[in-house]
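Trainee: final23.txt is reproduced below (compact mmCIF, C-alpha atoms).
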```txt
# COMPACT_ATOMS: atom_id res chain seq x y z
CA MET A 1 114.73 107.24 65.35
CA LEU A 2 115.16 110.86 64.27
CA VAL A 3 111.80 111.86 65.73
CA ASP A 4 112.57 110.01 68.98
CA SER A 5 115.93 111.74 69.33
CA VAL A 6 114.46 115.20 68.63
CA LEU A 7 111.68 114.72 71.19
CA ASN A 8 114.13 113.46 73.82
CA SER A 9 116.52 116.35 73.25
CA LEU A 10 113.69 118.89 73.63
CA THR A 11 112.11 117.30 76.73
CA PRO A 12 114.04 118.14 79.92
CA ARG A 13 113.90 115.46 82.60
CA LYS A 14 114.06 115.93 86.32
CA PRO A 15 116.97 114.33 88.24
CA LYS A 16 116.62 110.64 89.02
CA LYS A 17 116.98 111.06 92.78
CA THR A 18 114.54 113.65 94.00
CA ASP A 19 111.59 114.12 96.29
CA SER A 20 108.24 115.83 96.14
CA GLN A 21 109.59 119.32 96.70
CA PHE A 22 111.61 119.13 93.45
CA LYS A 23 108.91 117.63 91.22
CA LEU A 24 108.41 120.90 89.31
CA LYS A 25 112.08 121.82 89.17
CA ARG A 26 113.04 120.43 85.77
CA PRO A 27 116.14 121.94 84.15
CA SER A 28 115.64 124.65 81.56
CA LEU A 29 115.93 123.71 77.90
CA SER A 30 119.13 125.75 77.57
CA THR A 31 120.67 123.69 80.38
CA TRP A 32 119.20 120.36 79.32
CA PHE A 33 120.03 120.36 75.59
CA PRO A 34 123.86 120.55 75.92
CA LYS A 35 123.78 117.90 78.61
CA TYR A 36 121.63 115.61 76.46
CA VAL A 37 123.89 116.03 73.44
CA ARG A 38 126.96 115.33 75.59
CA ASP A 39 125.49 112.17 77.17
CA ASN A 40 123.39 110.75 74.32
CA GLY A 41 124.37 112.52 71.12
CA LEU A 42 126.83 109.89 69.88
CA VAL A 43 124.40 106.99 70.41
CA ASP A 44 121.58 108.93 68.75
CA VAL A 45 123.65 109.74 65.68
CA ILE A 46 124.98 106.19 65.28
CA THR A 47 121.55 104.59 65.63
CA MET A 48 119.82 107.10 63.31
CA ILE A 49 122.03 106.32 60.30
CA PRO A 50 120.37 103.91 57.79
CA TRP A 51 123.48 101.76 57.40
CA ILE A 52 122.07 99.50 54.69
CA GLN A 53 121.60 102.50 52.40
CA ALA A 54 124.69 104.36 53.61
CA VAL A 55 127.15 101.48 53.12
CA PRO A 56 126.82 99.63 49.82
CA PHE A 57 128.66 96.53 50.98
CA SER A 58 126.38 94.13 52.88
CA ALA A 59 129.35 92.53 54.65
CA ALA A 60 129.92 95.88 56.39
CA SER A 61 126.41 97.37 56.51
CA LEU A 62 124.71 94.38 58.14
CA PRO A 63 126.98 94.34 61.22
CA LEU A 64 126.57 98.11 61.56
CA CYS A 65 122.77 97.68 61.66
CA THR A 66 123.09 95.91 65.04
CA LEU A 67 124.20 99.23 66.57
CA ILE A 68 120.51 100.04 66.93
CA LEU A 69 120.55 97.70 69.94
CA LEU A 70 122.38 100.47 71.83
CA ARG A 71 118.99 102.12 72.28
CA THR A 72 117.82 99.22 74.44
CA MET A 73 120.00 100.63 77.23
CA ARG A 74 117.35 103.34 77.65
CA LEU A 75 114.56 100.85 78.24
CA PRO A 76 114.87 100.71 82.09
CA SER A 77 114.78 104.51 82.48
CA MET A 78 111.88 104.77 80.00
CA MET A 79 109.89 102.20 81.97
CA ALA A 80 110.68 103.96 85.26
CA ARG A 81 109.20 107.22 83.85
CA SER A 82 106.18 105.62 82.18
CA PRO A 83 102.92 106.53 84.01
CA LEU A 84 101.34 103.24 82.87
CA PHE A 85 104.25 101.24 84.23
CA ILE A 86 104.15 103.17 87.53
CA ILE A 87 100.40 102.49 87.92
CA ILE A 88 100.84 98.77 87.14
CA GLN A 89 103.76 98.55 89.57
CA ALA A 90 101.71 100.21 92.33
CA ARG A 91 98.83 97.78 91.80
CA ILE A 92 101.17 94.81 91.90
CA GLN A 93 102.76 96.08 95.11
CA SER A 94 99.31 96.34 96.70
CA ILE A 95 98.85 92.56 96.43
CA GLY A 96 98.93 91.29 100.01
CA GLY A 97 101.93 89.31 101.15
CA ILE A 98 103.89 89.05 97.88
CA GLY A 99 103.24 92.37 96.12
CA ASN A 100 106.68 93.90 96.71
CA ILE A 101 108.48 90.74 95.58
CA LEU A 102 106.27 90.39 92.49
CA ALA A 103 107.02 93.99 91.57
CA ARG A 104 110.71 93.03 91.46
CA ILE A 105 110.30 89.62 89.80
CA ILE A 106 108.08 90.71 86.90
CA PRO A 107 110.54 93.31 85.44
CA VAL A 108 113.36 90.74 85.63
CA GLY A 109 111.10 88.17 83.95
CA ILE A 110 110.30 90.64 81.15
CA THR A 111 114.02 91.38 80.82
CA VAL A 112 114.73 87.65 80.42
CA ILE A 113 112.08 87.40 77.68
CA ILE A 114 113.49 90.42 75.83
CA PHE A 115 117.01 89.01 76.26
CA ILE A 116 115.97 85.66 74.72
CA HIS A 117 114.30 87.48 71.81
CA ILE A 118 117.38 89.63 71.13
CA GLN A 119 119.63 86.59 71.45
CA ALA A 120 117.54 84.66 68.89
CA CYS A 121 117.72 87.55 66.43
CA VAL A 122 121.45 88.18 66.90
CA VAL A 123 122.49 84.50 66.66
CA TYR A 124 120.39 84.13 63.52
CA TYR A 125 121.97 87.28 62.16
CA VAL A 126 125.50 85.99 62.87
CA GLY A 127 124.63 82.77 61.07
CA ARG A 128 123.35 84.76 58.12
CA LEU A 129 126.63 86.68 57.90
CA THR A 130 128.37 83.37 57.16
CA ASP A 131 125.56 82.15 54.87
CA PHE A 132 124.46 79.66 57.55
CA THR A 133 127.62 77.61 57.18
CA THR A 134 126.97 74.02 58.39
CA TRP A 135 123.45 74.89 59.65
CA ASP A 136 121.77 72.81 56.97
CA THR A 137 123.98 69.82 57.82
CA GLN A 138 124.44 70.32 61.57
CA PHE A 139 120.76 70.58 62.57
CA ASP A 140 118.40 67.77 61.62
CA HIS A 141 115.51 70.25 61.54
CA TRP A 142 117.03 72.01 58.53
CA ARG A 143 118.86 69.04 56.99
CA LEU A 144 115.60 67.15 56.66
CA TYR A 145 113.49 70.24 55.92
CA GLN A 146 110.90 69.74 53.19
CA GLY A 147 112.17 70.56 49.72
CA GLY A 148 115.79 70.47 50.83
CA GLY A 149 115.99 74.26 50.80
CA GLY A 150 117.42 74.48 54.32
CA VAL A 151 117.12 77.44 56.65
CA GLU A 152 116.45 80.17 54.12
CA SER A 153 113.57 78.31 52.47
CA ALA A 154 111.52 78.21 55.71
CA PRO A 155 108.87 80.85 56.56
CA VAL A 156 110.03 83.71 58.76
CA PHE A 157 107.76 82.63 61.64
CA GLU A 158 109.17 79.10 61.62
CA ARG A 159 112.75 80.38 61.60
CA TYR A 160 111.96 82.74 64.48
CA ILE A 161 110.35 80.02 66.62
CA TRP A 162 113.27 77.68 65.99
CA MET A 163 115.81 80.35 66.93
CA LEU A 164 113.78 81.21 70.01
CA SER A 165 113.96 77.58 71.18
CA GLN A 166 117.74 77.59 70.56
CA SER A 167 118.06 80.80 72.57
CA MET A 168 116.13 79.25 75.44
CA GLY A 169 118.62 76.42 75.32
CA ASN A 170 121.53 78.85 75.57
CA THR A 171 119.98 80.61 78.56
CA PHE A 172 119.48 77.29 80.33
CA PRO A 173 121.14 74.01 79.09
CA MET A 174 122.93 74.78 75.80
CA THR A 175 121.28 73.27 72.70
CA PHE A 176 122.65 75.48 69.93
CA LYS A 177 125.96 74.08 68.64
CA PRO A 178 128.01 76.99 67.25
CA GLN A 179 130.46 76.16 64.48
CA THR A 180 132.11 79.34 63.26
CA ILE A 181 134.25 81.60 65.45
CA ALA A 182 131.65 84.38 65.29
CA GLU A 183 128.90 82.00 66.34
CA GLN A 184 131.00 80.64 69.20
CA VAL A 185 131.89 84.08 70.57
CA THR A 186 128.29 85.33 70.27
CA THR A 187 126.91 82.19 71.93
CA LEU A 188 129.38 82.41 74.82
CA LEU A 189 128.47 86.05 75.48
CA PHE A 190 124.79 85.23 75.55
CA ILE A 191 125.32 82.19 77.77
CA VAL A 192 127.18 84.27 80.37
CA THR A 193 124.63 87.10 80.26
CA GLY A 194 121.77 84.61 80.37
CA ALA A 195 123.28 82.86 83.37
CA ILE A 196 123.45 86.18 85.25
CA LEU A 197 119.83 86.99 84.40
CA TYR A 198 118.74 83.46 85.28
CA ALA A 199 120.55 83.61 88.64
CA THR A 200 118.91 86.98 89.38
CA PHE A 201 115.49 85.61 88.47
CA VAL A 202 115.94 82.46 90.58
CA GLY A 203 117.21 84.57 93.49
CA LEU A 204 114.10 86.75 93.38
CA ILE A 205 111.86 83.67 93.20
CA SER A 206 113.64 82.23 96.23
CA SER A 207 113.28 85.52 98.07
CA ALA A 208 109.57 85.55 97.26
CA ALA A 209 109.17 82.00 98.59
CA ILE A 210 110.93 82.93 101.83
CA SER A 211 109.07 86.19 102.38
CA PHE A 212 105.64 84.88 101.40
CA ASP A 213 103.48 84.65 104.52
CA ALA A 214 106.54 85.36 106.69
CA SER A 215 104.44 86.10 109.77
CA GLY A 216 102.50 82.86 109.22
CA LYS A 217 105.72 80.86 109.13
CA LEU A 218 106.93 82.54 112.32
CA TYR A 219 103.61 81.70 113.96
CA ARG A 220 103.85 78.02 113.01
CA GLN A 221 107.45 77.95 114.23
CA LYS A 222 106.34 79.52 117.52
CA ILE A 223 103.55 76.96 117.94
CA ASP A 224 105.94 74.07 117.19
CA GLU A 225 108.40 75.46 119.74
CA LEU A 226 105.64 75.81 122.34
CA THR A 227 104.34 72.28 121.68
CA ASP A 228 107.84 70.82 122.10
CA TYR A 229 108.30 72.77 125.33
CA LEU A 230 104.98 71.63 126.80
CA THR A 231 105.76 68.02 125.91
CA TRP A 232 109.21 68.29 127.45
CA LYS A 233 107.73 69.74 130.66
CA ASN A 234 105.06 66.99 130.79
CA ILE A 235 102.26 69.57 130.99
CA ASP A 236 98.81 67.98 131.19
CA ALA A 237 96.63 67.94 128.07
CA GLN A 238 94.04 70.45 129.39
CA THR A 239 96.69 73.05 130.19
CA GLN A 240 98.33 72.45 126.82
CA ARG A 241 95.05 73.12 125.03
CA LYS A 242 94.53 76.30 127.06
CA LEU A 243 98.01 77.61 126.23
CA LEU A 244 97.67 76.76 122.55
CA ASN A 245 94.26 78.46 122.46
CA TYR A 246 95.84 81.55 123.97
CA TYR A 247 98.53 81.72 121.27
CA GLU A 248 95.98 81.01 118.55
CA PHE A 249 93.79 83.88 119.74
CA LYS A 250 96.65 86.31 120.32
CA TYR A 251 98.37 85.84 116.97
CA ARG A 252 95.51 84.44 114.83
CA GLY A 253 97.90 82.62 112.54
CA LYS A 254 100.25 85.61 112.13
CA TYR A 255 103.17 86.11 114.50
CA PHE A 256 104.04 89.73 115.14
CA GLU A 257 104.59 91.86 118.22
CA GLU A 258 102.42 94.97 118.20
CA ARG A 259 104.58 96.66 120.83
CA SER A 260 107.84 96.21 118.90
CA LEU A 261 106.24 97.29 115.62
CA LEU A 262 104.91 100.48 117.18
CA ALA A 263 108.28 101.14 118.83
CA ASP A 264 109.91 101.36 115.39
CA MET A 265 107.54 104.16 114.32
CA ASN A 266 107.93 107.84 115.08
CA GLU A 267 105.52 109.35 117.58
CA SER A 268 103.24 110.84 114.93
CA LEU A 269 102.78 107.48 113.19
CA ARG A 270 102.26 105.69 116.51
CA MET A 271 99.40 108.09 117.26
CA LEU A 272 97.82 107.33 113.88
CA ALA A 273 98.23 103.58 114.33
CA SER A 274 96.57 103.70 117.77
CA ILE A 275 93.32 105.25 116.52
CA ASN A 276 91.17 102.37 117.83
CA SER A 277 92.58 102.71 121.35
CA ARG A 278 92.00 106.49 121.30
CA GLN A 279 88.31 105.86 120.82
CA LEU A 280 88.33 103.71 123.96
CA ILE A 281 90.12 106.39 125.99
CA GLU A 282 87.55 109.03 125.10
CA LYS A 283 84.88 106.98 126.90
CA VAL A 284 86.59 107.46 130.28
CA PRO A 285 85.30 110.78 131.75
CA PHE A 286 88.30 111.71 133.89
CA LEU A 287 90.75 110.99 131.01
CA LYS A 288 89.12 113.54 128.72
CA ARG A 289 90.89 116.81 128.04
CA ASP A 290 89.08 119.64 126.26
CA MET A 291 91.12 122.77 126.88
CA LYS A 292 91.24 123.79 123.19
CA ASP A 293 94.81 124.99 123.61
CA GLY A 294 96.25 122.91 120.77
CA ARG A 295 97.46 120.19 123.15
CA ASP A 296 94.30 118.07 123.45
CA ASN A 297 95.32 115.71 120.65
CA ILE A 298 98.88 115.57 121.97
CA TYR A 299 97.60 114.47 125.36
CA LEU A 300 95.23 111.90 123.85
CA GLY A 301 97.98 110.57 121.61
CA LYS A 302 100.39 110.12 124.51
CA ILE A 303 97.77 108.18 126.46
CA ALA A 304 96.99 106.03 123.41
CA THR A 305 100.63 105.17 122.75
CA ALA A 306 101.13 104.25 126.44
CA LEU A 307 98.52 101.48 126.18
CA ASN A 308 99.79 97.91 126.13
CA PRO A 309 97.89 95.14 124.28
CA ILE A 310 97.01 92.16 126.46
CA TYR A 311 95.03 88.98 125.74
CA PHE A 312 92.93 86.59 127.84
CA ILE A 313 91.03 83.40 127.09
CA PRO A 314 87.80 82.21 128.77
CA GLY A 315 88.27 81.49 132.46
CA ASP A 316 91.30 83.73 132.99
CA TYR A 317 91.18 86.16 135.90
CA ILE A 318 92.29 89.59 134.72
CA VAL A 319 92.36 91.13 138.23
CA ASN A 320 91.62 89.70 141.65
CA GLN A 321 89.75 91.35 144.49
CA GLY A 322 92.08 92.55 147.24
CA GLU A 323 95.28 92.72 145.18
CA GLN A 324 97.14 95.98 144.77
CA ALA A 325 95.87 98.00 141.80
CA THR A 326 98.57 99.22 139.38
CA GLU A 327 96.74 99.56 136.05
CA MET A 328 93.35 100.05 134.40
CA PHE A 329 91.94 98.15 131.40
CA PHE A 330 90.03 98.92 128.21
CA ILE A 331 88.06 96.16 126.43
CA LEU A 332 88.62 96.24 122.67
CA THR A 333 86.83 92.93 122.06
CA GLY A 334 85.41 90.32 124.42
CA LYS A 335 83.21 90.03 127.51
CA VAL A 336 84.10 89.87 131.23
CA ASN A 337 82.27 89.21 134.50
CA ILE A 338 82.67 91.56 137.48
CA GLN A 339 82.66 89.57 140.73
CA VAL A 340 82.45 90.87 144.32
CA ASN A 341 83.16 88.29 147.02
CA GLY A 342 82.76 85.55 144.40
CA VAL A 343 79.33 86.75 143.23
CA VAL A 344 78.84 88.07 139.67
CA VAL A 345 77.36 91.57 139.93
CA THR A 346 77.59 92.71 136.29
CA ALA A 347 79.29 92.11 132.97
CA PHE A 348 81.28 94.37 130.63
CA SER A 349 81.92 93.95 126.90
CA ASP A 350 83.40 95.74 123.86
CA GLY A 351 84.23 99.39 124.53
CA ALA A 352 83.94 99.21 128.33
CA PHE A 353 86.70 99.91 130.86
CA PHE A 354 87.44 98.93 134.44
CA GLY A 355 90.09 99.34 137.12
CA GLU A 356 90.32 103.11 136.62
CA VAL A 357 90.74 103.66 140.37
CA ALA A 358 94.28 102.33 139.96
CA LEU A 359 95.22 105.57 138.17
CA ILE A 360 93.77 107.76 140.91
CA ALA A 361 94.36 106.09 144.26
CA ASN A 362 96.74 103.45 145.53
CA ILE A 363 94.09 101.16 147.03
CA PRO A 364 93.37 97.41 146.66
CA ARG A 365 91.02 96.07 144.01
CA THR A 366 87.38 96.08 145.11
CA ALA A 367 86.29 93.37 142.66
CA SER A 368 87.58 90.47 140.58
CA VAL A 369 87.26 90.42 136.80
CA GLN A 370 87.08 87.14 134.87
CA ALA A 371 87.09 86.67 131.09
CA ILE A 372 83.95 84.98 129.75
CA THR A 373 85.12 84.95 126.12
CA THR A 374 88.46 85.53 124.44
CA CYS A 375 89.35 89.13 125.26
CA HIS A 376 91.63 91.64 123.62
CA LEU A 377 92.32 94.41 126.15
CA TYR A 378 94.57 97.41 126.49
CA SER A 379 96.14 98.25 129.84
CA LEU A 380 97.32 101.64 131.10
CA SER A 381 99.68 101.56 134.05
CA ALA A 382 99.53 104.12 136.85
CA LYS A 383 103.26 104.75 136.37
CA ASP A 384 102.89 105.67 132.67
CA PHE A 385 99.78 107.74 133.34
CA GLY A 386 101.54 109.64 136.13
CA ALA A 387 104.47 110.44 133.83
CA ILE A 388 102.11 111.77 131.13
CA ILE A 389 100.06 114.08 133.34
CA GLN A 390 103.24 115.68 134.66
CA GLU A 391 103.32 117.47 131.29
CA PHE A 392 99.73 118.69 131.66
CA ASP A 393 99.16 120.74 134.83
CA ASP A 394 95.40 120.95 134.30
CA MET A 395 95.09 117.14 134.15
CA LYS A 396 97.36 116.73 137.16
CA GLN A 397 95.20 119.12 139.17
CA ARG A 398 92.04 117.31 138.10
CA ILE A 399 93.43 113.90 139.08
CA ASP A 400 94.63 115.28 142.42
CA GLN A 401 91.14 116.65 143.07
CA ILE A 402 89.49 113.33 142.11
CA TYR A 403 91.99 111.54 144.35
CA GLU A 404 91.10 113.74 147.35
CA GLU A 405 87.39 113.20 146.73
CA ARG A 406 87.84 109.45 146.39
CA MET A 407 90.00 109.18 149.51
CA ALA A 408 87.49 111.29 151.51
CA LYS A 409 84.77 108.86 150.45
CA VAL A 410 86.94 105.90 151.47
CA ARG A 411 87.58 107.47 154.88
CA MET A 412 83.87 108.03 155.37
CA GLU A 413 83.10 104.42 154.46
CA GLN A 414 85.80 103.18 156.85
CA ALA A 415 84.46 105.40 159.64
CA ALA A 416 80.93 104.12 159.03
CA GLN A 417 82.13 100.52 159.18
CA MET A 418 83.99 101.18 162.45
CA LEU A 419 80.89 102.85 163.91
CA MET A 420 78.71 99.92 162.96
CA SER A 421 81.19 97.43 164.42
CA ASN A 422 81.37 99.40 167.71
CA THR A 423 77.57 99.61 168.07
CA SER A 424 77.18 95.91 167.39
```
What is this file in structure tokens?

Mentor:
Amino acid sequence: MLVDSVLNSLTPRKPKKTDSQFKLKRPSLSTWFPKYVRDNGLVDVITMIPWIQAVPFSAASLPLCTLILLRTMRLPSMMARSPLFIIIQARIQSIGGIGNILARIIPVGITVIIFIHIQACVVYYVGRLTDFTTWDTQFDHWRLYQGGGGVESAPVFERYIWMLSQSMGNTFPMTFKPQTIAEQVTTLLFIVTGAILYATFVGLISSAAISFDASGKLYRQKIDELTDYLTWKNIDAQTQRKLLNYYEFKYRGKYFEERSLLADMNESLRMLASINSRQLIEKVPFLKRDMKDGRDNIYLGKIATALNPIYFIPGDYIVNQGEQATEMFFILTGKVNIQVNGVVVTAFSDGAFFGEVALIANIPRTASVQAITTCHLYSLSAKDFGAIIQEFDDMKQRIDQIYEERMAKVRMEQAAQMLMSNTS
């Protein structure tokens, strides 16, 4: 105890609440030592004294020996500073789904175990102070113990295990029957403390059960709600299967909204989270920006965060020929057919894009696009794109130039068609 106190008094600790910029700013020894003595000196002195040798009377020295338990109050802060404990806690938290809850449950569970151990030792100690009055007659285990020697004739291990079982009974249903006043008061204190620890432990277990696979539970709830709705609306079985397939593909057993999750992040984190969509954007020639003015990544990030996730199942028409174009699409996964006048002319798959004319010119779609497989796409609306390029004059000028070139080509095609119709 003396060595522990000396080391603690000579080891300054950083404040409990801090951040990375204060990690090296521990107090100086001249500042730390008086503070340590003021806050911990009394406990250190009391717990360092060998009371059995210092006080000759056992009736007084034995109770004073329990003061060493005051040091257990430091256990939480010691664990919080322990590198081994921090590493173990980080690994537990990394367990998918329940890591954070487990990291809270395990320390409480360890606390309960330590509490039961201390309770067993203290209750035994209180009984010893009164020479185990009535123990040998009250408890059949000791009344019928071999040799008739009672509690004190049993091996230490057997006495410890028996007291541990009694302590478990006090933490849950009470099994130890206190007789003396000291035993009754001690037992009541441990029962109340044990009930608080038990309630905390049960609460954390309940929280873990609720939070485990939370997104999966929301998904199943959503599917049940959808099934009830379809039944109530008398939707035919084929349409029901199609709708359920859509939800199954979109959420894949986990219900979460990508758009709302991204909305809670700051802009920097949203750009990091949208890394897969940025790779798709870079494949579109007219969306590239390479000015090397420090704003290229800003521009790309704004485009990436403006993308909206959208899902289709086989047979769905993503766009229809002749309808007004308001957005373009990027294929993250899946395959689509491009149809002109009902005839398939080509097919696009992962990494491709289509409908980019919608961002340049306000003209009708020139082809229909139908999903062949389940498709996960991202869409970029002309409205969002127009708002972004207002911040980048070079991109606005490029789009205006592409628009003029595209419209000139459209006018030439229209003139050629009129000429051909007049000659015929």

Trainee: For Tyr299 in chain A, which residue among A:Phe392, A:Tyr251, A:Tyr229, A:Phe286 is the nearest when counting all atoms listed in the file?

Mentor: A:Phe392

Trainee: Write out as a ChimeraX atom specification each polymer residue whose atoms come within 12 Å of Leu243 in chain A, counting all atoms listed in the file; drop sequence neighbours fewer than 6 positions from it.

Mentor: /A:223,226-227,229-230,235-237,249-250,311-314,316

Trainee: May I ask for the distance between CA of Gln279 in chain A and CA of Ala263 in chain A, given in Å to one decimal place?

Mentor: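 Interatomic distance, CA of Gln279 in chain A to CA of Ala263 in chain A: 20.6 Å.
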
Trainee: Could you work out how far CA of Phe190 in chain A lies from CA of Ile106 in chain A, giving the answer in Å with one decimal?

Mentor: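 For CA of Ile106 in chain A relative to CA of Phe190 in chain A, the distance reads 20.9 Å.
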
Trainee: If you measure from CA of Thr111 in chain A to CA of Ile88 in chain A, what distance in Å do you get, rounded to one decimal?

Mentor: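 CA of Ile88 in chain A lies at a distance of 16.4 Å from CA of Thr111 in chain A.
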
Trainee: Around (117.7, 96.0, 82.8), as given in the file, which residues come within 8 Å? Count all atoms listed in the file and list them as a list in words.

Mentor: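 Here is the list of nearby residues: Met73, Leu75, Pro76, Val108 and Thr111 of chain A.
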
Trainee: List the neighbours of Leu197 in chain A out to 12 Å using all atoms listed in the file; skip same-chain residues closer than 6 positions along the sequence, and give me the result as a list in words.

Mentor: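 Those residues are Ile105, Pro107, Val108, Gly109, Ile110, Thr111, Val112, Ile113, Ile114, Phe115, Ile116, Thr171, Phe172, Phe190, Ile191, Gly203 and Leu204 of chain A.
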
Trainee: Have a look at A:Lys233, A:Phe85, A:Leu70, A:Ala361 and name the one nearest to Ile118 in chain A; count only C-alpha atoms.

Mentor: A:Leu70

Trainee: Neighbouring residues of Ala103 in chain A were defined as those with any atom within 6 Å, considering only C-alpha atoms; residues of the same chain fewer than 2 positions away were excluded. Please report them as an mmCIF file with C-alpha atoms, in the frame of the given file.

Mentor:
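Heads up, here's the output in part32.cif:
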```cif
data_model
loop_
_atom_site.group_PDB
_atom_site.id
_atom_site.type_symbol
_atom_site.label_atom_id
_atom_site.label_comp_id
_atom_site.auth_asym_id
_atom_site.auth_seq_id
_atom_site.Cartn_x
_atom_site.Cartn_y
_atom_site.Cartn_z
ATOM 1 C CA GLN A 89 103.760 98.550 89.570
ATOM 2 C CA ILE A 92 101.170 94.810 91.900
ATOM 3 C CA GLN A 93 102.760 96.080 95.110
ATOM 4 C CA ASN A 100 106.680 93.900 96.710
ATOM 5 C CA ILE A 101 108.480 90.740 95.580
ATOM 6 C CA ILE A 105 110.300 89.620 89.800
ATOM 7 C CA ILE A 106 108.080 90.710 86.900
#
```

Trainee: Compile the contact shell of Glu327 in chain A as a list of chain:residue names: residues with an atom at most 6 Å away, counting all atoms listed in the file, same-chain residues fewer than 4 positions apart removed.

Mentor: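 Returned residues: A:Ala358, A:Leu380, A:Ser381, A:Ala382.
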
Trainee: Now that the selection is made, can you save its residues with C-alpha atoms as a PDB file, in the coordinates of the input?

Mentor:
```pdb
ATOM      1  CA  ALA A 358      94.280 102.330 139.960  1.00  0.00           C
ATOM      2  CA  LEU A 380      97.320 101.640 131.100  1.00  0.00           C
ATOM      3  CA  SER A 381      99.680 101.560 134.050  1.00  0.00           C
ATOM      4  CA  ALA A 382      99.530 104.120 136.850  1.00  0.00           C
TER       5      ALA A 382
END
```

Trainee: Find the residues around Val319 in chain A up to 9 Å (all atoms listed in the file counted), leave out those fewer than 5 positions away in its own chain, and share them as a list in words.

Mentor: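 These residues fall inside the cut-off: Ala325, Gly355, Arg365, Ala367, Ser368, Val369 and Gln370 of chain A.
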
Trainee: How about saving the chosen residues, C-alpha atoms kept, as a short mmCIF file (atom, residue, chain, number, x, y, z; two decimals), in the coordinates of the input?

Mentor:
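Dumped to selection.cif:
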```cif
data_model
loop_
_atom_site.label_atom_id
_atom_site.label_comp_id
_atom_site.auth_asym_id
_atom_site.auth_seq_id
_atom_site.Cartn_x
_atom_site.Cartn_y
_atom_site.Cartn_z
CA ALA A 325 95.87 98.00 141.80
CA GLY A 355 90.09 99.34 137.12
CA ARG A 365 91.02 96.07 144.01
CA ALA A 367 86.29 93.37 142.66
CA SER A 368 87.58 90.47 140.58
CA VAL A 369 87.26 90.42 136.80
CA GLN A 370 87.08 87.14 134.87
#
```
